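Undergrad: As input, take query-v9.tsv (TSV, C-alpha atoms):
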chain	number	residue	atom	x	y	z
A	98	MET	CA	-115.59	-37.28	-153.16
A	99	TYR	CA	-115.34	-33.92	-154.77
A	100	ASP	CA	-116.89	-31.21	-152.65
A	101	PHE	CA	-120.55	-30.33	-153.09
A	102	GLN	CA	-123.21	-28.42	-151.27
A	103	TYR	CA	-125.77	-30.50	-149.35
A	104	THR	CA	-129.28	-29.06	-149.32
A	105	LYS	CA	-132.26	-30.67	-147.64
A	106	VAL	CA	-135.29	-29.53	-149.61
A	107	GLN	CA	-138.63	-29.03	-147.88
A	108	SER	CA	-141.01	-29.81	-150.74
A	109	ILE	CA	-141.13	-31.04	-154.30
A	110	ASP	CA	-141.61	-27.47	-155.51
A	111	ASP	CA	-138.56	-26.45	-153.53
A	112	ALA	CA	-136.52	-29.22	-155.20
A	113	VAL	CA	-137.71	-28.21	-158.68
A	114	HIS	CA	-136.83	-24.60	-157.92
A	115	HIS	CA	-133.29	-25.57	-156.92
A	116	MET	CA	-132.91	-27.73	-160.04
A	117	GLN	CA	-133.95	-24.82	-162.24
A	118	GLN	CA	-131.52	-22.48	-160.48
A	119	ASP	CA	-128.61	-24.90	-160.61
A	120	GLU	CA	-128.29	-27.24	-163.58
A	121	GLU	CA	-125.45	-29.14	-161.95
A	122	ALA	CA	-127.52	-30.06	-158.91
A	123	VAL	CA	-128.60	-33.69	-158.52
A	124	LEU	CA	-131.33	-35.31	-156.45
A	125	LEU	CA	-130.40	-37.47	-153.47
A	126	ALA	CA	-132.97	-40.13	-152.63
A	127	GLY	CA	-131.50	-43.19	-150.89
A	128	GLY	CA	-128.02	-42.51	-152.25
A	129	MET	CA	-127.21	-46.19	-152.71
A	130	THR	CA	-125.97	-45.60	-156.25
A	131	LEU	CA	-125.22	-41.88	-156.15
A	132	LEU	CA	-122.93	-41.84	-153.12
A	133	PRO	CA	-120.74	-44.77	-154.25
A	134	ALA	CA	-120.49	-43.07	-157.67
A	135	LEU	CA	-119.44	-39.80	-156.03
A	136	LYS	CA	-116.90	-41.59	-153.88
A	137	GLN	CA	-115.31	-42.91	-157.05
A	138	ARG	CA	-115.35	-39.39	-158.46
A	139	LEU	CA	-117.46	-40.52	-161.40
A	140	ALA	CA	-119.54	-37.35	-161.11
A	141	GLN	CA	-119.04	-33.85	-159.79
A	142	PRO	CA	-122.38	-32.24	-158.99
A	143	THR	CA	-122.43	-28.79	-157.42
A	144	GLN	CA	-125.26	-29.65	-155.11
A	145	LEU	CA	-127.07	-32.65	-153.64
A	146	LEU	CA	-130.76	-32.03	-153.05
A	147	ASP	CA	-131.85	-34.41	-150.30
A	148	LEU	CA	-135.51	-35.38	-150.80
A	149	SER	CA	-135.91	-37.27	-147.51
A	150	GLY	CA	-137.53	-34.36	-145.69
A	151	ILE	CA	-140.50	-34.11	-148.04
A	152	GLU	CA	-143.72	-35.19	-146.35
A	153	ASN	CA	-145.81	-38.11	-147.61
A	154	PHE	CA	-143.16	-39.09	-150.12
A	155	SER	CA	-142.95	-42.73	-149.08
A	156	SER	CA	-146.55	-43.86	-148.90
A	157	ILE	CA	-148.23	-46.87	-150.51
A	158	SER	CA	-151.93	-46.77	-151.31
A	159	VAL	CA	-154.66	-48.45	-153.32
A	160	ASP	CA	-155.57	-46.38	-156.36
A	161	GLY	CA	-158.55	-48.03	-158.09
A	162	ASP	CA	-157.22	-51.21	-159.70
A	163	ALA	CA	-153.64	-50.21	-159.06
A	164	ILE	CA	-151.19	-49.86	-156.19
A	165	ARG	CA	-149.60	-46.44	-156.05
A	166	ILE	CA	-146.15	-46.28	-154.50
A	167	ALA	CA	-144.63	-42.88	-153.77
A	168	ALA	CA	-141.16	-42.35	-155.21
A	169	LEU	CA	-139.19	-42.24	-151.98
A	170	THR	CA	-140.49	-45.57	-150.70
A	171	THR	CA	-137.54	-47.80	-149.87
A	172	HIS	CA	-137.10	-51.30	-151.26
A	173	ALA	CA	-137.66	-52.59	-147.71
A	174	GLY	CA	-140.84	-50.51	-147.59
A	175	VAL	CA	-142.14	-52.11	-150.81
A	176	ALA	CA	-141.06	-55.60	-149.74
A	177	GLY	CA	-142.69	-55.27	-146.32
A	178	SER	CA	-145.90	-53.56	-147.41
A	179	PRO	CA	-149.01	-55.67	-146.67
A	180	LEU	CA	-150.76	-53.97	-149.62
A	181	VAL	CA	-148.03	-54.95	-152.07
A	182	GLN	CA	-147.72	-58.42	-150.56
A	183	VAL	CA	-151.44	-59.06	-151.02
A	184	HIS	CA	-152.04	-57.47	-154.42
A	185	ILE	CA	-148.70	-57.84	-156.23
A	186	PRO	CA	-146.65	-60.40	-154.28
A	187	ALA	CA	-144.18	-60.71	-157.17
A	188	LEU	CA	-143.32	-57.03	-156.77
A	189	ALA	CA	-142.74	-57.45	-153.02
A	190	ALA	CA	-140.50	-60.43	-153.73
A	191	LEU	CA	-138.58	-58.47	-156.36
A	192	ALA	CA	-137.98	-55.61	-153.93
A	193	ASN	CA	-136.78	-58.11	-151.34
A	194	SER	CA	-134.20	-59.46	-153.81
A	195	ILE	CA	-132.43	-56.13	-154.36
A	196	GLY	CA	-128.91	-55.80	-152.96
A	197	ASP	CA	-128.80	-56.61	-149.26
A	198	PRO	CA	-130.91	-55.60	-146.21
A	199	GLN	CA	-128.94	-52.39	-145.61
A	200	VAL	CA	-129.25	-51.31	-149.24
A	201	ARG	CA	-132.98	-52.10	-149.13
A	202	ASN	CA	-133.33	-49.94	-146.02
A	203	ARG	CA	-132.01	-46.90	-147.90
A	204	GLY	CA	-132.50	-47.40	-151.65
A	205	THR	CA	-135.74	-46.10	-153.15
A	206	LEU	CA	-138.10	-46.97	-156.00
A	207	GLY	CA	-137.86	-43.51	-157.55
A	208	GLY	CA	-134.08	-43.40	-157.24
A	209	SER	CA	-133.70	-46.78	-158.88
A	210	ILE	CA	-135.85	-46.06	-161.91
A	211	ALA	CA	-134.47	-42.53	-162.38
A	212	ASN	CA	-130.99	-44.05	-162.48
A	213	ALA	CA	-132.13	-46.67	-165.03
A	214	ASP	CA	-129.26	-49.05	-164.42
A	215	PRO	CA	-129.47	-51.74	-167.12
A	216	ALA	CA	-129.14	-54.42	-164.42
A	217	ALA	CA	-131.68	-52.96	-161.98
A	218	ASP	CA	-134.68	-55.08	-161.02
A	219	TYR	CA	-137.54	-52.57	-160.91
A	220	PRO	CA	-137.61	-51.71	-164.63
A	221	ALA	CA	-138.70	-55.28	-165.44
A	222	ALA	CA	-141.60	-55.02	-163.00
A	223	LEU	CA	-142.69	-51.61	-164.26
A	224	VAL	CA	-142.74	-52.66	-167.90
A	225	ALA	CA	-144.31	-56.10	-167.37
A	226	LEU	CA	-147.02	-54.74	-165.09
A	227	ASP	CA	-147.67	-51.83	-167.48
A	228	ALA	CA	-147.03	-49.38	-164.67
A	229	THR	CA	-147.39	-45.64	-164.99
A	230	VAL	CA	-144.65	-43.27	-163.87
A	231	ILE	CA	-145.97	-40.04	-162.41
A	232	THR	CA	-143.65	-37.06	-162.45
A	233	THR	CA	-143.90	-33.35	-161.79
A	234	LYS	CA	-144.47	-32.85	-165.53
A	235	GLN	CA	-146.22	-35.88	-166.92
A	236	THR	CA	-147.81	-39.27	-166.49
A	237	ILE	CA	-146.05	-41.74	-168.70
A	238	ALA	CA	-146.20	-45.46	-169.45
A	239	ALA	CA	-143.17	-47.30	-168.07
A	240	GLU	CA	-142.36	-48.66	-171.51
A	241	ASP	CA	-141.87	-45.10	-172.78
A	242	PHE	CA	-140.08	-43.95	-169.63
A	243	PHE	CA	-136.93	-46.05	-170.05
A	244	VAL	CA	-134.92	-44.94	-173.06
A	245	ASP	CA	-131.47	-46.53	-172.93
A	246	LEU	CA	-128.50	-47.29	-170.70
A	247	PHE	CA	-128.88	-44.98	-167.65
A	248	GLU	CA	-131.23	-42.86	-169.73
A	249	THR	CA	-134.90	-42.00	-169.16
A	250	VAL	CA	-137.26	-39.38	-170.54
A	251	LEU	CA	-136.81	-37.29	-167.38
A	252	GLU	CA	-135.84	-33.68	-168.02
A	253	SER	CA	-133.26	-31.90	-165.90
A	254	ASP	CA	-135.87	-30.25	-163.67
A	255	GLU	CA	-138.33	-33.12	-163.49
A	256	ILE	CA	-138.94	-35.32	-160.45
A	257	ILE	CA	-140.66	-38.70	-160.20
A	258	THR	CA	-143.39	-38.49	-157.58
A	259	ALA	CA	-144.92	-41.97	-157.72
A	260	VAL	CA	-145.39	-45.15	-159.71
A	261	SER	CA	-148.81	-46.71	-160.19
A	262	PHE	CA	-148.77	-50.50	-160.67
A	263	PRO	CA	-151.97	-52.11	-162.03
A	264	LYS	CA	-152.77	-55.29	-160.11
A	265	PRO	CA	-152.04	-58.28	-162.32
A	266	ARG	CA	-154.05	-61.49	-162.32
A	267	ARG	CA	-150.81	-63.34	-161.68
A	268	ALA	CA	-147.13	-62.52	-161.97
A	269	ALA	CA	-143.64	-63.69	-161.08
A	270	TYR	CA	-140.07	-62.44	-161.32
A	271	ALA	CA	-137.06	-64.68	-161.80
A	272	LYS	CA	-133.52	-63.41	-161.84
A	273	PHE	CA	-130.07	-64.80	-162.26
A	274	ALA	CA	-128.37	-62.58	-159.72
A	275	ASN	CA	-124.76	-61.52	-159.71
A	276	PRO	CA	-123.54	-63.37	-156.60
A	277	ALA	CA	-121.69	-60.32	-155.26
A	278	SER	CA	-123.97	-57.38	-155.98
A	279	ARG	CA	-127.32	-59.14	-156.45
A	280	TYR	CA	-127.87	-57.05	-159.54
A	281	ALA	CA	-129.63	-58.95	-162.31
A	282	VAL	CA	-127.29	-60.61	-164.79
A	283	VAL	CA	-130.67	-61.33	-166.35
A	284	GLY	CA	-134.07	-60.83	-164.74
A	285	VAL	CA	-137.44	-61.65	-166.31
A	286	PHE	CA	-140.80	-60.44	-165.02
A	287	VAL	CA	-143.86	-62.23	-166.39
A	288	ALA	CA	-147.30	-60.76	-165.73
A	289	GLU	CA	-150.75	-61.75	-166.88
A	290	SER	CA	-153.70	-59.39	-166.72
A	291	ASP	CA	-157.00	-58.87	-168.55
A	292	ALA	CA	-155.04	-57.00	-171.23
A	293	GLY	CA	-152.86	-60.04	-171.91
A	294	CYS	CA	-149.46	-61.40	-171.03
A	295	ARG	CA	-146.33	-59.26	-170.79
A	296	VAL	CA	-142.74	-60.41	-170.46
A	297	ALA	CA	-140.13	-57.80	-169.56
A	298	VAL	CA	-136.41	-58.46	-169.44
A	299	THR	CA	-133.78	-56.54	-167.48
A	300	GLY	CA	-130.01	-56.98	-167.31
A	301	ALA	CA	-129.73	-58.42	-170.80
A	302	GLN	CA	-129.56	-55.28	-172.95
A	303	GLY	CA	-128.84	-51.56	-172.52
A	304	SER	CA	-132.34	-51.05	-171.22
A	305	VAL	CA	-135.35	-53.10	-170.20
A	306	PHE	CA	-137.30	-54.58	-173.12
A	307	ARG	CA	-140.44	-56.62	-173.80
A	308	TRP	CA	-139.87	-60.06	-175.24
A	309	GLN	CA	-142.85	-60.06	-177.55
A	310	GLU	CA	-142.29	-63.46	-179.07
A	311	ALA	CA	-142.63	-65.00	-175.63
A	312	GLU	CA	-145.69	-62.86	-174.89
A	313	ALA	CA	-147.41	-64.18	-178.01
A	314	ALA	CA	-146.49	-67.78	-177.23
A	315	LEU	CA	-147.69	-67.49	-173.63
A	316	SER	CA	-150.90	-65.80	-174.73
A	317	SER	CA	-151.86	-68.85	-176.76
A	318	GLU	CA	-150.79	-71.24	-174.04
A	319	PHE	CA	-149.57	-70.09	-170.63
A	320	ASP	CA	-147.00	-72.80	-170.03
A	321	ALA	CA	-143.20	-72.84	-169.84
A	322	LYS	CA	-143.23	-75.41	-172.67
A	323	SER	CA	-144.54	-72.69	-175.01
A	324	ILE	CA	-141.34	-70.67	-174.69
A	325	GLU	CA	-138.58	-73.07	-173.67
A	326	SER	CA	-137.39	-73.67	-177.24
A	327	LEU	CA	-137.50	-70.01	-178.31
A	328	THR	CA	-134.22	-68.18	-178.91
A	329	LEU	CA	-133.22	-64.52	-178.88
A	330	PRO	CA	-130.82	-62.71	-181.20
A	331	THR	CA	-127.52	-62.03	-179.44
A	332	ASP	CA	-126.62	-58.81	-181.34
A	333	ASP	CA	-127.94	-56.39	-178.74
A	334	MET	CA	-127.13	-58.45	-175.66
A	335	ASN	CA	-124.80	-57.01	-173.04
A	336	GLU	CA	-121.42	-58.65	-172.76
A	337	ASP	CA	-119.15	-58.16	-169.75
A	338	LEU	CA	-117.00	-60.11	-167.32
A	339	HIS	CA	-120.12	-61.61	-165.75
A	340	ALA	CA	-121.68	-63.10	-168.88
A	341	THR	CA	-121.23	-63.31	-172.63
A	342	ALA	CA	-123.96	-62.21	-175.03
A	343	ASP	CA	-124.75	-65.85	-175.90
A	344	TYR	CA	-125.01	-66.77	-172.24
A	345	ARG	CA	-127.32	-63.83	-171.50
A	346	ALA	CA	-129.59	-64.71	-174.43
A	347	HIS	CA	-129.80	-68.24	-173.06
A	348	LEU	CA	-130.47	-66.99	-169.53
A	349	VAL	CA	-133.42	-64.91	-170.73
A	350	VAL	CA	-135.19	-68.09	-171.84
A	351	VAL	CA	-134.27	-69.98	-168.67
A	352	MET	CA	-135.39	-67.15	-166.36
A	353	ALA	CA	-138.62	-66.64	-168.32
A	354	CYS	CA	-139.43	-70.35	-167.99
A	355	GLN	CA	-138.63	-70.18	-164.28
A	356	ALA	CA	-141.01	-67.24	-163.79
A	357	VAL	CA	-143.78	-68.97	-165.74
A	358	ARG	CA	-143.31	-72.19	-163.74
A	359	GLU	CA	-143.49	-70.20	-160.52
A	360	ILE	CA	-146.90	-68.96	-161.68
A	361	THR	CA	-148.27	-72.24	-163.02
A	362	GLY	CA	-146.82	-74.23	-160.10
B	39	MET	CA	-128.04	-36.20	-133.72
B	40	THR	CA	-128.20	-38.73	-130.95
B	41	VAL	CA	-125.40	-41.28	-130.90
B	42	ASN	CA	-125.72	-44.21	-128.53
B	43	GLY	CA	-128.26	-42.30	-126.48
B	44	LYS	CA	-126.18	-39.14	-126.14
B	45	ALA	CA	-126.93	-35.87	-127.91
B	46	VAL	CA	-124.06	-35.00	-130.23
B	47	THR	CA	-123.35	-31.83	-132.16
B	48	ALA	CA	-120.66	-31.61	-134.80
B	49	ASP	CA	-119.67	-29.39	-137.68
B	50	VAL	CA	-118.92	-31.41	-140.78
B	51	GLU	CA	-118.19	-30.78	-144.41
B	52	ASP	CA	-121.21	-31.42	-146.62
B	53	ARG	CA	-119.47	-34.45	-148.14
B	54	THR	CA	-118.57	-36.07	-144.80
B	55	LEU	CA	-119.77	-39.66	-144.54
B	56	LEU	CA	-121.52	-40.90	-141.42
B	57	VAL	CA	-118.69	-43.36	-140.79
B	58	GLN	CA	-116.13	-40.54	-140.97
B	59	LEU	CA	-118.06	-38.53	-138.40
B	60	LEU	CA	-118.34	-41.53	-136.11
B	61	ARG	CA	-114.73	-42.62	-136.34
B	62	GLU	CA	-112.77	-39.45	-136.93
B	63	GLN	CA	-114.71	-36.81	-135.02
B	64	LEU	CA	-116.50	-38.80	-132.34
B	65	GLY	CA	-113.73	-41.36	-131.84
B	66	LEU	CA	-116.11	-44.30	-132.16
B	67	THR	CA	-113.72	-46.59	-134.01
B	68	GLY	CA	-115.70	-49.76	-133.36
B	69	THR	CA	-117.48	-49.12	-136.65
B	70	HIS	CA	-115.03	-50.31	-139.29
B	71	VAL	CA	-114.35	-49.31	-142.88
B	72	GLY	CA	-113.72	-52.40	-144.93
B	73	CYS	CA	-114.43	-52.10	-148.61
B	74	ASP	CA	-115.72	-48.50	-148.55
B	75	THR	CA	-118.03	-49.48	-151.45
B	76	SER	CA	-121.09	-50.65	-149.47
B	77	GLN	CA	-120.38	-54.31	-150.14
B	78	CYS	CA	-118.74	-55.72	-147.02
B	79	GLY	CA	-120.90	-54.51	-144.14
B	80	ALA	CA	-118.11	-53.81	-141.64
B	81	CYS	CA	-119.54	-50.29	-141.25
B	82	VAL	CA	-123.13	-51.27	-140.43
B	83	VAL	CA	-124.81	-49.09	-137.78
B	84	HIS	CA	-128.45	-48.39	-136.99
B	85	VAL	CA	-130.05	-45.11	-138.04
B	86	ASN	CA	-133.49	-44.60	-136.51
B	87	GLY	CA	-133.62	-48.31	-135.73
B	88	ALA	CA	-132.75	-49.71	-139.17
B	89	SER	CA	-129.38	-51.10	-140.19
B	90	VAL	CA	-127.51	-49.09	-142.82
B	91	LYS	CA	-124.02	-48.98	-144.26
B	92	SER	CA	-122.46	-45.89	-142.74
B	93	CYS	CA	-119.87	-45.65	-145.54
B	94	SER	CA	-122.66	-44.85	-147.99
B	95	VAL	CA	-124.67	-42.36	-145.97
B	96	LEU	CA	-123.77	-38.70	-145.52
B	97	ALA	CA	-123.46	-37.44	-141.97
B	98	ALA	CA	-125.76	-34.58	-143.00
B	99	GLN	CA	-128.48	-37.06	-143.97
B	100	CYS	CA	-128.50	-38.17	-140.34
B	101	ASN	CA	-129.13	-34.71	-138.94
B	102	ASN	CA	-131.40	-35.18	-135.89
B	103	ALA	CA	-131.37	-38.96	-136.35
B	104	LYS	CA	-130.84	-41.59	-133.67
B	105	VAL	CA	-127.65	-43.49	-134.43
B	106	LEU	CA	-126.63	-46.68	-132.65
B	107	THR	CA	-123.14	-48.14	-133.04
B	108	ILE	CA	-121.44	-51.22	-131.60
B	109	GLU	CA	-120.21	-49.07	-128.69
B	110	GLY	CA	-123.80	-48.38	-127.65
B	111	LEU	CA	-124.86	-52.01	-127.15
B	112	ALA	CA	-123.29	-53.10	-123.88
B	113	ASP	CA	-124.34	-51.52	-120.61
B	114	SER	CA	-121.90	-51.06	-117.76
B	115	GLN	CA	-122.78	-54.47	-116.35
B	116	ALA	CA	-122.77	-56.80	-119.30
B	117	LEU	CA	-122.38	-57.30	-123.02
B	118	HIS	CA	-125.46	-57.16	-125.22
B	119	PRO	CA	-126.86	-60.71	-125.65
B	120	MET	CA	-125.79	-60.74	-129.30
B	121	GLN	CA	-122.25	-59.73	-128.36
B	122	GLN	CA	-122.21	-62.42	-125.65
B	123	ALA	CA	-123.48	-64.99	-128.16
B	124	PHE	CA	-120.67	-64.17	-130.61
B	125	LYS	CA	-118.19	-64.57	-127.74
B	126	ASP	CA	-119.70	-67.85	-126.52
B	127	ASN	CA	-120.01	-69.40	-129.97
B	128	HIS	CA	-116.66	-68.27	-131.34
B	129	GLY	CA	-118.48	-66.21	-133.98
B	130	LEU	CA	-115.32	-64.36	-134.94
B	131	GLN	CA	-111.70	-64.91	-135.71
B	132	CYS	CA	-109.94	-61.68	-136.64
B	133	GLY	CA	-112.96	-59.64	-135.56
B	134	PHE	CA	-112.85	-57.04	-138.30
B	135	CYS	CA	-116.33	-57.80	-139.65
B	136	THR	CA	-117.81	-58.46	-136.20
B	137	PRO	CA	-119.22	-55.01	-135.33
B	138	GLY	CA	-121.12	-54.95	-138.61
B	139	MET	CA	-122.22	-58.57	-138.21
B	140	ILE	CA	-123.61	-57.88	-134.75
B	141	MET	CA	-125.40	-54.65	-135.76
B	142	SER	CA	-126.89	-56.41	-138.78
B	143	ALA	CA	-127.89	-59.44	-136.69
B	144	ILE	CA	-129.69	-57.30	-134.13
B	145	ASP	CA	-131.70	-55.62	-136.89
B	146	LEU	CA	-132.67	-59.07	-138.17
B	147	VAL	CA	-133.78	-60.30	-134.76
B	148	GLN	CA	-135.75	-57.10	-134.13
B	149	ASN	CA	-137.81	-57.90	-137.24
B	150	ASN	CA	-137.70	-61.68	-137.04
B	151	PRO	CA	-137.24	-62.88	-133.44
B	152	ASP	CA	-136.67	-66.53	-134.31
B	153	PRO	CA	-134.85	-66.65	-137.65
B	154	THR	CA	-134.05	-69.94	-139.36
B	155	ASP	CA	-130.57	-70.86	-140.54
B	156	ALA	CA	-131.59	-69.98	-144.12
B	157	GLU	CA	-133.09	-66.63	-143.09
B	158	ILE	CA	-129.90	-65.70	-141.24
B	159	ARG	CA	-127.71	-66.61	-144.21
B	160	ASP	CA	-129.98	-64.68	-146.54
B	161	TRP	CA	-129.92	-61.64	-144.25
B	162	LEU	CA	-126.12	-61.70	-144.11
B	163	GLU	CA	-125.96	-61.02	-147.86
B	164	GLY	CA	-124.45	-57.62	-147.09
B	165	ASN	CA	-121.92	-58.74	-144.48
B	166	ILE	CA	-118.73	-60.39	-145.62
B	167	CYS	CA	-116.44	-62.43	-143.35
B	168	ARG	CA	-113.13	-63.72	-144.70
B	169	CYS	CA	-112.22	-65.89	-141.70
B	170	THR	CA	-114.97	-68.01	-140.29
B	171	GLY	CA	-116.85	-69.55	-143.19
B	172	TYR	CA	-119.98	-68.18	-141.48
B	173	GLN	CA	-120.90	-71.37	-139.64
B	174	ASN	CA	-120.20	-69.99	-136.18
B	175	ILE	CA	-121.63	-66.60	-137.09
B	176	VAL	CA	-124.94	-68.26	-137.92
B	177	SER	CA	-124.77	-70.28	-134.68
B	178	SER	CA	-124.00	-67.09	-132.75
B	179	ILE	CA	-126.97	-65.26	-134.23
B	180	GLN	CA	-129.30	-68.14	-133.43
B	181	ALA	CA	-128.03	-68.18	-129.85
B	182	GLY	CA	-128.17	-64.38	-129.67
B	183	ALA	CA	-131.76	-64.39	-130.91
B	184	ARG	CA	-132.75	-66.83	-128.16
B	185	MET	CA	-130.96	-64.73	-125.54
B	186	MET	CA	-132.59	-61.53	-126.80
B	187	GLN	CA	-136.02	-63.16	-126.57
B	188	SER	CA	-135.49	-64.42	-123.04
B	189	ARG	CA	-134.20	-61.06	-121.82
Written as structure tokens, how would this file's structure read?
TA:
Amino acid sequence: MYDFQYTKVQSIDDAVHHMQQDEEAVLLAGGMTLLPALKQRLAQPTQLLDLSGIENFSSISVDGDAIRIAALTTHAGVAGSPLVQVHIPALAALANSIGDPQVRNRGTLGGSIANADPAADYPAALVALDATVITTKQTIAAEDFFVDLFETVLESDEIITAVSFPKPRRAAYAKFANPASRYAVVGVFVAESDAGCRVAVTGAQGSVFRWQEAEAALSSEFDAKSIESLTLPTDDMNEDLHATADYRAHLVVVMACQAVREITG
Amino acid sequence: MTVNGKAVTADVEDRTLLVQLLREQLGLTGTHVGCDTSQCGACVVHVNGASVKSCSVLAAQCNNAKVLTIEGLADSQALHPMQQAFKDNHGLQCGFCTPGMIMSAIDLVQNNPDPTDAEIRDWLEGNICRCTGYQNIVSSIQAGARMMQSR
């Protein structure tokens, strides 16, 4: 690692202040992506602002018809939360499928979505559940939050404070996991609520996206048969050593069907 | 911080990893560095009771924390039940992954006192062994869980 200054901030305001003073400072949440990246010298921040000392930054609460999860809640915290398990079991299961137990003990919801890895799991849940991202500057729909590969709408001095997930009527997440990292080669989150059916796909393209053709088909009949013969264009699909674009396009359909079958039983 | 029940004070560079502090400054070389990319799990220790990969945590993040390493398990009389179970069930060959396996296994049993074969294998996602094929590791953890319960 290149050298940097470690600063443990005391409050969100304190963190924002440091970010405004030092444009090369970065936030440290769980560090499960940041620290490995620093060890490979992929980045050279001047300062790491450790958020772990901020009070009440990892709480989970009921917020009307939604579950509000503070940004520094770990994946293990989401997976093990009785509130999440009761109201959005698919989200608890998703959190429990991230990485491995040690990564889940450190990695956080806010850190994951701020990083916006194209193969991360959470973005699919946020978009399918029509979650709202709450930051120090704005409240924004998840669909507008994720912009592109490792890119969000977050400004350089903006911090995610929480995510609010509306409770769905029913939902499921299916992923084809990379056997080594457990990142999603393709992951599909299907959610049905009073507002309709949403299908969000992660891992397949530069950023999470809604598969609207499948949403329409499932809205007329919520059954895997409605979508199993659909196809996706391969132009924008990711292609790497793990999967070709064609294979990923195929996996989207297979994972979507799997998620729907998990719901319909 | 507290390491294996003893208060420890150390001056470290801001970028020092927890595993570097443990091994290089405190001389606790039972915690191993395998892949150094948070994949293999040889460096697993407990921080405030939860298992973490000490190659991917800064020492500074553990300021005032309670850290438990493989050296802190046995008392002067006997091995920890999980260590004894690995010994009894031949849960290791070269032994490089073993400290991490045992620290990870204890965290599992603390949360799930009677894990099934499938739950153990699932939990070991973050611990890689290149010798055993895992069979005896799983047997060891099942035996260790029973011994921990009866203690």
Undergrad: Just the number, please: distance in Å from CA of Ala314 in chain A to CA of Ala187 in chain A, one decimal.
TA: 21.4 Å
Undergrad: Mind running chain A against chain B at 9 Å and telling me each contacting residue's nearest atom pair with the distance in Å (one decimal), counting all atoms listed in the file, chain and number ascending, as a tab-separated table?
TA:
residue	atom	partner	partner_atom	distance
A:Met98	CA	B:Arg53	CA	6.9
A:Tyr99	CA	B:Arg53	CA	7.8
A:Asp100	CA	B:Arg53	CA	6.1
A:Phe101	CA	B:Arg53	CA	6.5
A:Gln102	CA	B:Asp52	CA	5.9
A:Tyr103	CA	B:Asp52	CA	5.4
A:Thr104	CA	B:Asp52	CA	8.8
A:Lys105	CA	B:Gln99	CA	8.3
A:Gly127	CA	B:Val95	CA	8.5
A:Gly128	CA	B:Val95	CA	7.1
A:Met129	CA	B:Ser94	CA	6.7
A:Thr130	CA	B:Ser94	CA	8.9
A:Leu132	CA	B:Ser94	CA	6.0
A:Pro133	CA	B:Thr75	CA	6.1
A:Lys136	CA	B:Thr75	CA	8.3
A:Asp147	CA	B:Gln99	CA	7.6
A:Ser149	CA	B:Gln99	CA	8.2
A:Gly196	CA	B:Gly164	CA	7.6
A:Asp197	CA	B:Gly164	CA	5.0
A:Pro198	CA	B:Trp161	CA	6.4
A:Gln199	CA	B:Val90	CA	4.6
A:Val200	CA	B:Val90	CA	7.0
A:Arg201	CA	B:Val90	CA	8.9
A:Asn202	CA	B:Val90	CA	6.7
A:Arg203	CA	B:Val90	CA	7.1
A:Ala277	CA	B:Gln77	CA	8.0
A:Ser278	CA	B:Gln77	CA	7.5
A:Arg279	CA	B:Glu163	CA	8.9
Undergrad: Counting all atoms listed in the file, figure out which residue out of B:Val71, B:Met141, B:Cys81, B:Ala181 gets nearest to Phe124 in chain B.
TA: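 Answer, going by the shortest atom-to-atom distance: B:Ala181.
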Undergrad: What separation in Å, quoted to one decimal, exists between CA of Ala189 in chain A and CA of Leu206 in chain A?
TA: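 Atom-to-atom, CA of Ala189 in chain A to CA of Leu206 in chain A, that is 11.8 Å.
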Undergrad: If I take CA of Thr331 in chain A and CA of Arg345 in chain A, how far is one from the other in Å, to one decimal?
TA: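 For CA of Thr331 in chain A relative to CA of Arg345 in chain A, the distance reads 8.1 Å.
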Undergrad: Write out as a VMD selection string the residues lying within 8 Å of His128 in chain B, counting all atoms listed in the file and excluding same-chain residues fewer than 6 positions away.
TA: chain B and resid 174 to 175 178
Undergrad: Env of Ile158 in chain B: 10 Å cut, atoms = only C-alpha atoms, seq-sep filter 6 positions within chain, self excluded. Answer as a list of chain:residue names.
TA: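 Within the cut-off, the hits are B:Ala143, B:Leu146, B:Val147, B:Asn150, B:Asp152, B:Ile175, B:Val176, B:Ser177, B:Ile179, B:Gln180.
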Undergrad: Ranking B:Asn101, B:Asn127, B:Ser114, B:Gln121 by minimum distance to Met139 in chain B and counting all atoms listed in the file, which one comes first?
TA: B:Gln121
Undergrad: Given all atoms listed in the file as the basis, pick out the residue of B:Gln173, B:Gln187, B:Thr136, B:Thr40 nearest to Lys104 in chain B.
TA: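 Result for the nearest residue to Lys104 in chain B: B:Thr40.
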Undergrad: Counting all atoms listed in the file, note down every residue that has an atom within 10 Å of the point (-116.3, -38.2, -140.7) (file coordinates), as a list in words.
TA: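 Residues found, by chain and rising number: Ala48, Asp49, Val50, Glu51, Arg53, Thr54, Leu55, Leu56, Val57, Gln58, Leu59, Leu60, Arg61, Glu62, Gln63, Leu64, Gly65, Cys93, Leu96 and Ala97 of chain B.
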Undergrad: So which one's closest to Cys135 in chain B, B:Leu106, B:Ala80, B:Met120, B:Ala112? Using only C-alpha atoms, please.
TA: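 Comparing B:Leu106, B:Ala80, B:Met120, B:Ala112 against Cys135 in chain B, the winner is B:Ala80.
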Undergrad: Would you mind listing what lies within 9 Å of range 213-228 of chain A as number ranges by chain, with only C-alpha atoms counted and same-chain residues fewer than 5 positions away left out?
TA: A: 163, 187-188, 191-192, 194-195, 206, 208, 237-240, 243-249, 260-265, 268, 270, 272, 280-290, 294-307
Undergrad: Given all atoms listed in the file as the basis, pick out the residue of A:Gln137, A:Phe242, A:Leu124, A:Leu148 nearest to Ser108 in chain A.
TA: A:Leu148
Undergrad: Within 9 Å of Gly133 in chain B, counting all atoms listed in the file, which residues qualify if same-chain residues fewer than 3 places away don't, as a ChimeraX atom specification?
TA: /B:129-130,136-137,167,169
